[in-house]
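S.K.: Below is entry-v1.txt; it holds compact mmCIF, C-alpha atoms.
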```
# COMPACT_ATOMS: atom_id res chain seq x y z
CA ASP A 1 187.08 69.19 64.38
CA THR A 2 189.32 70.80 61.76
CA MET A 3 193.04 71.51 61.29
CA ARG A 4 192.54 75.21 61.85
CA GLU A 5 190.34 77.56 63.83
CA ASP A 6 186.86 77.90 62.33
CA THR A 7 183.71 79.94 62.84
CA ILE A 8 180.74 77.61 63.20
CA ASP A 9 177.13 78.70 62.59
CA VAL A 10 174.71 76.50 64.49
CA PHE A 11 171.01 76.29 63.59
CA TRP A 12 168.30 74.41 65.46
CA ARG A 13 164.57 73.89 64.96
CA LEU A 14 162.10 72.06 67.23
CA GLU A 15 158.98 70.61 65.58
CA GLY A 16 155.91 69.00 67.11
CA HIS A 17 154.38 65.69 66.05
CA ASN A 18 152.23 67.62 63.54
CA TRP A 19 155.42 69.08 61.97
CA LYS A 20 154.56 72.54 63.28
CA GLU A 21 157.49 74.61 64.54
CA ILE A 22 157.61 75.01 68.31
CA ALA A 23 160.81 77.05 68.49
CA SER A 24 164.02 77.71 66.58
CA GLY A 25 167.28 79.58 66.98
CA THR A 26 170.81 80.28 65.74
CA THR A 27 174.15 80.89 67.38
CA THR A 28 177.75 81.31 66.28
CA ILE A 29 180.86 79.93 68.00
CA ILE A 30 184.58 80.03 67.26
CA LEU A 31 186.08 76.54 67.55
CA LYS A 32 189.81 75.91 67.79
CA PRO A 33 191.41 72.71 66.41
CA GLY A 34 190.93 69.62 68.59
CA THR A 35 188.40 71.28 70.89
CA ARG A 36 184.70 70.83 71.56
CA GLU A 37 181.97 73.04 72.97
CA GLU A 38 178.59 72.17 74.45
CA LEU A 39 175.66 74.43 73.62
CA GLU A 40 172.49 74.51 75.71
CA ILE A 41 169.16 74.93 73.95
CA THR A 42 166.42 76.49 76.06
CA CYS A 43 162.89 76.87 74.77
CA PRO A 44 159.31 76.67 76.07
CA LEU A 45 157.65 73.30 75.55
CA PRO A 46 153.94 72.93 74.80
CA GLN A 47 151.61 71.73 77.56
CA VAL A 48 150.27 68.31 76.63
CA ASN A 49 147.62 66.05 78.15
CA GLU A 50 149.24 62.93 76.76
CA ALA A 51 152.74 62.10 75.56
CA ASN A 52 153.65 63.51 72.13
CA TRP A 53 156.85 63.05 70.18
CA CYS A 54 158.89 65.99 68.92
CA ARG A 55 161.76 66.30 66.50
CA LEU A 56 164.88 68.44 66.97
CA GLU A 57 166.78 69.35 63.79
CA LEU A 58 170.40 70.44 64.27
CA LYS A 59 172.77 71.93 61.67
CA ALA A 60 176.35 73.18 61.97
CA LEU A 61 178.23 74.90 59.11
CA GLY A 62 181.91 75.85 59.12
CA ARG A 63 182.48 79.21 57.41
CA ILE A 64 186.11 78.46 56.52
CA SER A 65 186.13 74.65 56.21
CA LYS A 66 182.66 74.54 54.56
CA ILE A 67 182.04 71.33 56.53
CA GLU A 68 178.32 70.81 57.17
CA TYR A 69 176.83 68.55 59.82
CA THR A 70 173.10 67.74 60.07
CA THR A 71 171.24 65.44 62.44
CA MET A 72 167.70 64.75 63.71
CA LYS A 73 166.78 63.78 67.26
CA LYS A 74 163.36 62.39 68.11
CA PHE A 75 162.14 62.56 71.70
CA THR A 76 158.97 62.66 73.76
CA ILE A 77 157.25 65.53 75.58
CA PHE A 78 155.40 64.14 78.58
CA PRO A 79 152.44 65.64 80.46
CA VAL A 80 153.12 67.07 83.89
CA ASP A 81 150.11 65.29 85.40
CA PHE A 82 150.25 61.48 85.54
CA SER A 83 147.21 61.11 87.77
CA PHE A 84 145.09 58.01 87.21
CA LYS A 85 141.43 57.26 87.87
CA SER A 86 139.52 54.04 87.39
CA GLN A 87 136.17 52.51 88.25
CA SER A 88 137.88 49.19 88.95
CA LYS A 89 138.49 48.04 92.52
CA ILE A 90 142.30 48.15 92.77
CA VAL A 91 144.36 47.11 95.80
CA ALA A 92 148.15 47.02 96.21
CA PHE A 93 149.72 44.59 98.68
CA ASP A 94 152.90 46.28 99.92
CA PRO A 95 154.23 44.66 103.12
CA LYS A 96 157.57 46.53 102.90
CA GLY A 97 155.98 49.96 102.36
CA ASN A 98 157.88 50.62 99.12
CA MET A 99 155.21 52.28 97.02
CA GLY A 100 152.26 53.80 98.95
CA SER A 101 153.73 57.30 99.50
CA ILE A 102 155.18 57.47 95.99
CA LEU A 103 151.83 56.67 94.37
CA LEU A 104 150.15 59.43 96.38
CA LYS A 105 152.79 61.99 95.34
CA ILE A 106 152.25 61.35 91.64
CA GLY A 107 148.45 61.34 91.88
CA ILE A 108 147.61 57.63 91.80
CA PRO A 109 145.24 57.10 94.75
CA ILE A 110 145.30 53.29 94.96
CA ASN A 111 144.34 51.52 98.17
CA VAL A 112 147.64 50.20 99.57
CA THR A 113 147.87 47.78 102.49
CA ASN A 114 150.77 45.98 104.17
CA LYS A 115 148.56 43.27 105.73
CA TRP A 116 147.34 40.35 103.65
CA ASP A 117 144.36 39.85 105.97
CA GLU A 118 143.03 43.22 104.74
CA VAL A 119 143.10 42.10 101.08
CA LYS A 120 139.61 40.83 100.25
CA LEU A 121 140.24 39.10 96.94
CA HIS A 122 136.58 38.42 96.16
CA ASN A 123 135.95 42.21 96.11
CA ILE A 124 138.96 43.11 93.93
CA ASP A 125 139.13 43.56 90.13
CA PHE A 126 142.86 44.27 89.97
CA LEU A 127 145.60 43.36 92.47
CA ILE A 128 149.13 44.81 92.53
CA LEU A 129 151.82 42.78 94.28
CA ALA A 130 154.43 45.40 95.25
CA PRO A 131 158.21 44.92 94.87
CA ASP A 132 159.55 42.14 97.10
CA SER A 133 156.11 41.45 98.56
CA LEU A 134 156.51 37.68 98.13
CA ASN A 135 158.91 35.18 99.69
CA GLU A 136 159.24 31.45 100.33
CA LYS A 137 156.38 31.70 102.87
CA SER A 138 153.93 33.12 100.34
CA GLU A 139 152.63 29.82 98.97
CA GLU A 140 149.14 30.21 100.43
CA ILE A 141 148.88 33.84 99.27
CA ILE A 142 149.81 32.92 95.71
CA LYS A 143 147.40 29.99 95.62
CA GLN A 144 144.55 32.27 96.71
CA VAL A 145 145.55 34.76 94.00
CA ASN A 146 145.71 32.01 91.35
CA LYS A 147 142.16 30.96 92.12
CA GLN A 148 140.79 34.49 91.75
CA VAL A 149 142.73 35.14 88.54
CA TYR A 150 141.27 31.99 87.02
CA ASN A 151 137.83 33.48 87.73
CA GLY A 152 138.66 36.86 86.18
CA MET A 153 140.88 38.97 88.47
CA LYS A 154 143.89 40.80 86.99
CA VAL A 155 147.27 40.93 88.73
CA LEU A 156 150.41 43.03 88.26
CA VAL A 157 153.45 41.39 89.88
CA LEU A 158 156.17 44.03 90.31
CA ASN A 159 159.84 43.14 90.57
CA GLN A 160 160.59 40.39 93.05
CA GLU A 161 164.07 39.62 94.35
CA GLN A 162 163.30 35.91 94.18
CA PHE A 163 160.63 34.18 92.11
CA GLN A 164 158.26 31.77 93.80
CA PRO A 165 157.25 28.42 92.24
CA TYR A 166 153.55 28.63 93.15
CA PHE A 167 152.24 30.61 90.16
CA PRO A 168 150.50 28.69 87.35
CA VAL A 169 153.27 29.79 84.97
CA LYS A 170 156.85 28.66 85.58
CA VAL A 171 159.06 31.72 86.12
CA GLU A 172 162.74 30.80 86.07
CA ASP A 173 165.09 33.14 87.92
CA GLY A 174 167.70 35.02 85.89
CA VAL A 175 170.07 35.01 88.92
CA TYR A 176 171.01 38.71 88.51
CA ASN A 177 172.91 38.04 85.29
CA SER A 178 169.96 39.49 83.43
CA SER A 179 169.90 43.02 84.88
CA GLY A 180 170.49 45.88 82.46
CA ALA A 181 169.91 49.45 81.35
CA GLY A 182 167.60 48.79 78.41
CA VAL A 183 165.07 46.48 76.81
CA VAL A 184 163.98 45.35 73.36
CA ILE A 185 160.29 45.71 72.48
CA ALA A 186 158.67 42.39 71.57
CA ALA A 187 155.05 43.57 71.21
CA SER A 188 155.19 47.04 69.67
CA GLN A 189 151.40 47.48 69.42
CA HIS A 190 150.68 46.50 73.01
CA PRO A 191 148.56 49.06 74.97
CA ILE A 192 151.22 49.17 77.71
CA LEU A 193 153.56 50.86 75.19
CA LYS A 194 151.12 53.59 74.13
CA ASP A 195 152.91 56.90 73.40
CA LEU A 196 156.35 55.48 74.31
CA LEU A 197 159.39 55.34 72.05
CA GLU A 198 162.05 52.65 72.30
CA GLU A 199 164.46 55.39 73.45
CA ASP A 200 162.15 56.07 76.43
CA LEU A 201 162.82 52.57 77.75
CA ARG A 202 166.50 53.02 78.48
CA TYR A 203 168.38 54.43 81.47
CA PHE A 204 165.62 54.92 84.05
CA GLN A 205 166.48 57.60 86.61
CA ASP A 206 165.69 56.78 90.25
CA PHE A 207 166.49 58.64 93.49
CA ASN A 208 170.14 57.58 93.27
CA HIS A 209 170.27 58.40 89.56
CA SER A 210 170.85 54.75 88.79
CA SER A 211 170.27 53.84 85.16
CA MET A 212 169.03 50.30 85.77
CA VAL A 213 165.89 49.47 83.79
CA VAL A 214 165.77 45.72 84.41
CA ILE A 215 166.62 43.90 87.62
CA ASN A 216 166.87 40.10 87.56
CA ALA A 217 164.69 39.43 84.51
CA PRO A 218 163.40 35.84 84.27
CA ILE A 219 164.11 33.51 81.40
CA THR A 220 161.18 33.87 78.97
CA PRO A 221 158.68 31.14 79.91
CA VAL A 222 157.96 28.63 77.15
CA GLN A 223 154.33 27.92 77.93
CA GLY A 224 150.92 28.44 76.34
CA GLY A 225 149.27 31.73 77.28
CA VAL A 226 152.58 33.61 77.72
CA LYS A 227 153.10 36.79 75.69
CA PRO A 228 156.46 38.62 76.08
CA ILE A 229 156.15 42.41 75.89
CA PHE A 230 159.83 43.24 76.48
CA LEU A 231 162.91 41.09 75.89
CA SER A 232 166.44 41.53 77.23
CA GLY A 233 169.82 39.81 77.30
CA LYS A 234 173.10 40.06 79.15
CA ILE A 235 176.56 41.40 78.27
CA SER A 236 178.19 37.96 78.35
CA GLU A 237 175.79 36.68 75.66
CA PRO A 238 175.51 39.46 73.04
CA GLY A 239 172.74 38.99 70.53
CA LYS A 240 170.75 36.58 72.66
CA LEU A 241 167.41 37.81 73.99
CA THR A 242 166.85 35.01 76.49
CA TYR A 243 165.00 36.97 79.16
CA SER A 244 161.63 38.68 79.43
CA PRO A 245 161.50 41.52 81.99
CA LEU A 246 157.84 42.20 81.12
CA PHE A 247 155.38 39.53 79.99
CA GLU A 248 151.72 38.68 80.41
CA PHE A 249 150.17 35.30 81.10
CA PHE A 250 146.51 34.57 80.42
CA TYR A 251 145.09 32.21 83.01
CA GLY A 252 141.44 31.19 82.92
CA LYS A 253 139.35 34.37 82.63
CA GLY A 254 142.06 36.57 84.16
CA ILE A 255 145.61 37.67 83.51
CA PHE A 256 148.98 38.07 85.22
CA VAL A 257 151.48 40.74 84.14
CA PHE A 258 154.98 40.06 85.51
CA SER A 259 157.33 43.05 85.56
CA GLN A 260 161.00 43.03 86.59
CA LEU A 261 161.37 46.67 85.53
CA ASN A 262 162.83 49.11 88.04
CA LEU A 263 159.64 51.21 88.11
CA ILE A 264 158.80 52.32 91.64
CA PRO A 265 162.12 54.05 92.55
CA SER A 266 161.96 56.00 89.27
CA LEU A 267 158.31 57.09 89.28
CA GLU A 268 158.94 60.58 90.72
CA ASN A 269 161.98 61.41 88.57
CA ASP A 270 161.43 59.80 85.19
CA PRO A 271 158.34 60.79 83.15
CA ALA A 272 158.76 57.79 80.82
CA VAL A 273 158.46 55.48 83.81
CA GLY A 274 155.38 57.36 85.00
CA LEU A 275 153.71 56.91 81.61
CA LEU A 276 154.70 53.23 81.41
CA PHE A 277 153.26 52.53 84.86
CA LYS A 278 150.07 54.47 84.09
CA ASN A 279 149.67 52.46 80.88
CA MET A 280 149.97 49.25 82.90
CA LEU A 281 147.24 50.43 85.27
CA LYS A 282 144.94 51.48 82.41
CA TYR A 283 145.47 48.19 80.60
CA LEU A 284 144.78 45.99 83.62
CA SER A 285 141.84 48.02 84.88
CA GLY A 286 140.14 48.09 81.48
CA GLU A 287 137.75 45.66 79.87
CA SER A 288 139.65 45.19 76.61
CA ILE A 289 141.56 42.12 77.78
CA SER A 290 138.52 40.23 79.05
CA SER A 291 137.66 37.13 77.11
CA SER A 292 134.78 37.83 74.71
CA CYS A 293 133.95 34.14 74.30
CA THR A 294 132.69 31.65 76.89
CA VAL A 295 133.98 28.11 76.41
CA VAL A 296 131.64 25.28 77.37
CA VAL A 297 132.45 21.57 77.42
CA PRO A 298 129.19 19.75 78.21
CA GLN A 299 131.03 16.42 78.58
CA GLU A 300 133.06 15.17 81.50
CA GLY A 301 136.23 13.66 80.16
CA LYS A 302 139.72 14.11 78.82
CA LEU A 303 138.92 17.18 76.69
CA LYS A 304 137.67 19.23 79.63
CA SER A 305 140.67 18.13 81.71
CA ILE A 306 143.17 19.23 79.02
CA LEU A 307 141.51 22.61 78.59
CA LYS A 308 141.28 23.41 82.29
CA ASP A 309 144.40 21.79 83.73
CA THR A 310 146.92 21.86 80.90
CA LEU A 311 145.98 24.81 78.67
CA LYS A 312 144.49 26.84 81.57
CA VAL A 313 141.44 27.83 79.50
CA TYR A 314 138.48 29.06 81.51
CA VAL A 315 135.72 26.49 81.07
CA THR A 316 132.38 27.40 82.61
CA GLU A 317 130.31 24.85 84.48
CA LYS A 318 127.06 26.61 83.54
CA PRO A 319 124.84 25.17 80.80
CA PHE A 320 125.66 26.58 77.38
CA TYR A 321 122.24 28.18 76.94
CA GLU A 322 122.88 30.49 79.95
CA ASN A 323 125.81 32.22 78.24
CA LYS A 324 126.21 34.61 75.33
CA ASN A 325 128.83 34.34 72.58
CA THR A 326 129.57 30.74 73.49
CA LEU A 327 131.98 28.26 71.94
CA VAL A 328 130.82 24.71 72.67
CA LEU A 329 133.59 22.11 72.41
CA ILE A 330 132.58 18.47 71.98
CA SER A 331 134.78 15.44 71.45
CA GLY A 332 133.34 12.76 69.19
CA LYS A 333 135.31 10.14 71.09
CA GLU A 334 133.59 10.90 74.39
CA ALA A 335 129.97 10.52 75.49
CA LEU A 336 127.90 12.92 73.38
CA PRO A 337 125.52 15.36 75.16
CA GLU A 338 121.98 14.12 75.65
CA ASN A 339 120.46 17.60 75.33
CA GLY A 340 121.37 17.86 71.65
CA LYS A 341 118.14 19.66 70.69
CA GLU A 342 118.80 22.47 73.18
CA LEU A 343 122.36 22.72 71.89
CA ALA A 344 121.14 22.95 68.30
CA MET A 345 118.81 25.81 69.24
CA ALA A 346 121.66 27.67 70.96
CA ILE A 347 123.90 27.30 67.90
CA LYS A 348 121.16 28.62 65.60
CA GLN A 349 120.93 31.71 67.84
CA GLY A 350 124.52 32.67 66.98
CA ASN A 351 126.74 30.57 69.23
CA MET A 352 129.47 28.26 67.90
CA LEU A 353 130.01 24.51 67.92
CA TRP A 354 133.38 22.82 67.55
CA LEU A 355 133.05 19.07 67.16
CA ASN A 356 136.48 17.47 67.50
CA ASN A 357 137.39 13.86 66.53
CA LEU A 358 134.44 13.24 64.24
CA THR A 359 133.22 9.63 64.51
CA SER A 360 130.36 7.73 62.85
CA GLN A 361 128.45 7.98 66.13
CA ALA A 362 128.98 11.76 66.17
CA ILE A 363 127.71 12.07 62.58
CA VAL A 364 124.49 10.28 63.55
CA TRP A 365 124.17 12.58 66.61
CA LEU A 366 124.55 15.66 64.36
CA SER A 367 121.98 14.32 61.92
CA VAL A 368 119.39 13.62 64.61
CA ASN A 369 119.78 16.92 66.49
CA PHE A 370 120.85 19.40 63.78
CA GLY A 371 119.22 17.89 60.70
CA ILE A 372 122.58 17.82 58.91
```
Show how you would write the structure in this file as structure tokens.
M.R.:
Amino acid sequence: DTMREDTIDVFWRLEGHNWKEIASGTTTIILKPGTREELEITCPLPQVNEANWCRLELKALGRISKIEYTTMKKFTIFPVDFSFKSQSKIVAFDPKGNMGSILLKIGIPINVTNKWDEVKLHNIDFLILAPDSLNEKSEEIIKQVNKQVYNGMKVLVLNQEQFQPYFPVKVEDGVYNSSGAGVVIAASQHPILKDLLEEDLRYFQDFNHSSMVVINAPITPVQGGVKPIFLSGKISEPGKLTYSPLFEFFYGKGIFVFSQLNLIPSLENDPAVGLLFKNMLKYLSGESISSSCTVVVPQEGKLKSILKDTLKVYVTEKPFYENKNTLVLISGKEALPENGKELAMAIKQGNMLWLNNLTSQAIVWLSVNFGI
């Protein structure tokens, strides 16, 4: 904007993530004082198999005013195909029919059912609870799910209008004050965020072209095993990131991922949403989040109770010598295991022993069985 008419030369250059030029161009416009003009850049984009970032360099130079403007815009080029395949047994429970047809359209052939009786939890590796699939009558369903997650199943809970109190983690309702059009990344290296920029996580586009990204995010749970992936706030409390619209909760051998993101309505229209959802599926159907260590407490007592009931750590009932990569936890204040010689042999084979609350009796036990 200048005080007099000016001839503006506009230059643009599009570069790929390897800094190689994809396309470039120039144009000239005559701009009168106090006016603006929008220019459309059209160029072929490269075909990609996974998301890649690009950089758009823009320059404008006034021939008369000599005013120069330069800016850089970074954005993502997404693949056309978001299809997903997995060897895991995945089932989606969708009693309201919100997601089955959409998943088929975008190439995600997951078994979707609207009847809980058809969900055989003991045969499932990964369960998806569709939007608004739970209500105040879902107590028995959630308790069945909790049991299977403790034994190793993985669950993705998509946005629910009302949170239910039956999960092993307390999820406190945000009461709609926590809806919004963007999020803040709390775990930037998380696999769910692979190939996504922070700019990709704003203004989702659904069928109605609504920009809502978060709907009714819960207050971030303060509990062991909870890991926030996204954080969000509300307009009335600027600067406060009280809510977590996406977090994971490790429970026993399994995991819950709770998402209050507006994903399903946007899957067909917004490639960033498609990639985010696919990343969730890949993460929860993979083996990388499985516990690599078996915890054994050979004593019955307070230690085992705290681990299982309070900290929600998966504690196997099998003898320690039947497992590999085992951490054996023993409390010196409780009755020490009688099979100390077998335990010593297992530790010498590469397993680990953690003796808590060392007492004089425990020192004697170590000396007799381990020769320490």
S.K.: State, in Å with one decimal place, the distance from CA of Leu329 (chain A) to CA of Val222 (chain A).
M.R.: 25.7 Å
S.K.: Just the number, please: distance in Å from CA of Glu136 (chain A) to CA of Thr242 (chain A), one decimal.
M.R.: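 Between these atoms lies a distance of 25.3 Å.
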S.K.: Using all atoms listed in the file, find the one residue out of A:Thr35, A:Gln223, A:Gln162, A:Ser305 that sits nearest to Asp6 (chain A).
M.R.: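 So, comparing all the options, the nearest one is A:Thr35.
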S.K.: Go through A:Val91, A:Leu56, A:Val184, A:Leu39 and flag the residue nearest Val112 (chain A), using all atoms listed in the file for the distances.
M.R.: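 When distances to Val112 (chain A) are compared using all atoms listed in the file, the smallest one comes from A:Val91.
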S.K.: Could you tell me which of A:Ser138, A:Lys194, A:Ile363, A:Lys89 comes closest to Phe167 (chain A) if we count all atoms listed in the file?
M.R.: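 Looking at the shortest contact to Phe167 (chain A), the residue is A:Ser138.
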S.K.: To one decimal place in Å, what is the distance between CA of Thr26 (chain A) and CA of Ser65 (chain A)?
M.R.: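 CA of Thr26 (chain A) sits 18.9 Å away from CA of Ser65 (chain A).
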S.K.: Excluding same-chain residues fewer than 4 positions from Leu121 (chain A), what lies within 10 Å of it counting all atoms listed in the file, as a PyMOL selection string?
M.R.: chain A and resi 91+116-117+125-127+144-145+147-149+153
S.K.: Might you pull out every residue within 6 Å of Ile229 (chain A), with all atoms listed in the file counted and same-chain residues fewer than 4 positions away left off, and present them as a list in words?
M.R.: Ala186, Ala187, Leu246 and Phe247 of chain A
S.K.: Leaving out Asp173 (chain A) and any residue of its chain fewer than 5 positions from it, which residues lie within 12 Å of it when counting only C-alpha atoms, given as a short mmCIF file (atom, residue, chain, number, x, y, z; two decimals) with C-alpha atoms, keeping the file's coordinate frame?
M.R.:
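Final output, saved to result_31.cif:
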```
data_model
loop_
_atom_site.label_atom_id
_atom_site.label_comp_id
_atom_site.auth_asym_id
_atom_site.auth_seq_id
_atom_site.Cartn_x
_atom_site.Cartn_y
_atom_site.Cartn_z
CA ASN A 159 159.84 43.14 90.57
CA GLN A 160 160.59 40.39 93.05
CA GLU A 161 164.07 39.62 94.35
CA GLN A 162 163.30 35.91 94.18
CA PHE A 163 160.63 34.18 92.11
CA GLN A 164 158.26 31.77 93.80
CA PRO A 165 157.25 28.42 92.24
CA SER A 178 169.96 39.49 83.43
CA SER A 179 169.90 43.02 84.88
CA ILE A 215 166.62 43.90 87.62
CA ASN A 216 166.87 40.10 87.56
CA ALA A 217 164.69 39.43 84.51
CA PRO A 218 163.40 35.84 84.27
CA ILE A 219 164.11 33.51 81.40
CA THR A 220 161.18 33.87 78.97
CA PRO A 221 158.68 31.14 79.91
CA THR A 242 166.85 35.01 76.49
CA TYR A 243 165.00 36.97 79.16
CA SER A 244 161.63 38.68 79.43
CA PRO A 245 161.50 41.52 81.99
CA GLN A 260 161.00 43.03 86.59
#
```
S.K.: Counting all atoms listed in the file, which residue out of A:Lys302, A:Lys341, A:Lys333, A:Lys115 sits closest to Gln361 (chain A)?
M.R.: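 Result for the nearest residue to Gln361 (chain A): A:Lys333.
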S.K.: Do you know which residues lie at most 12 Å from (119.6, 16.2, 73.2), with coordinates as in the file and all atoms listed in the file counted, and could you write them as a list in words?
M.R.: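 The residues near that point, listed by chain and number, are Pro298, Leu336, Pro337, Glu338, Asn339, Gly340, Lys341, Glu342, Leu343, Ala344, Met345, Ala346, Trp365, Leu366, Ser367, Val368, Asn369 and Phe370 of chain A.
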S.K.: Could you tell me which of A:Lys74, A:Lys137, A:His17, A:Arg4 comes closest to Gly34 (chain A) if we count all atoms listed in the file?
M.R.: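 Closest residue, counting all atoms listed in the file: A:Arg4.
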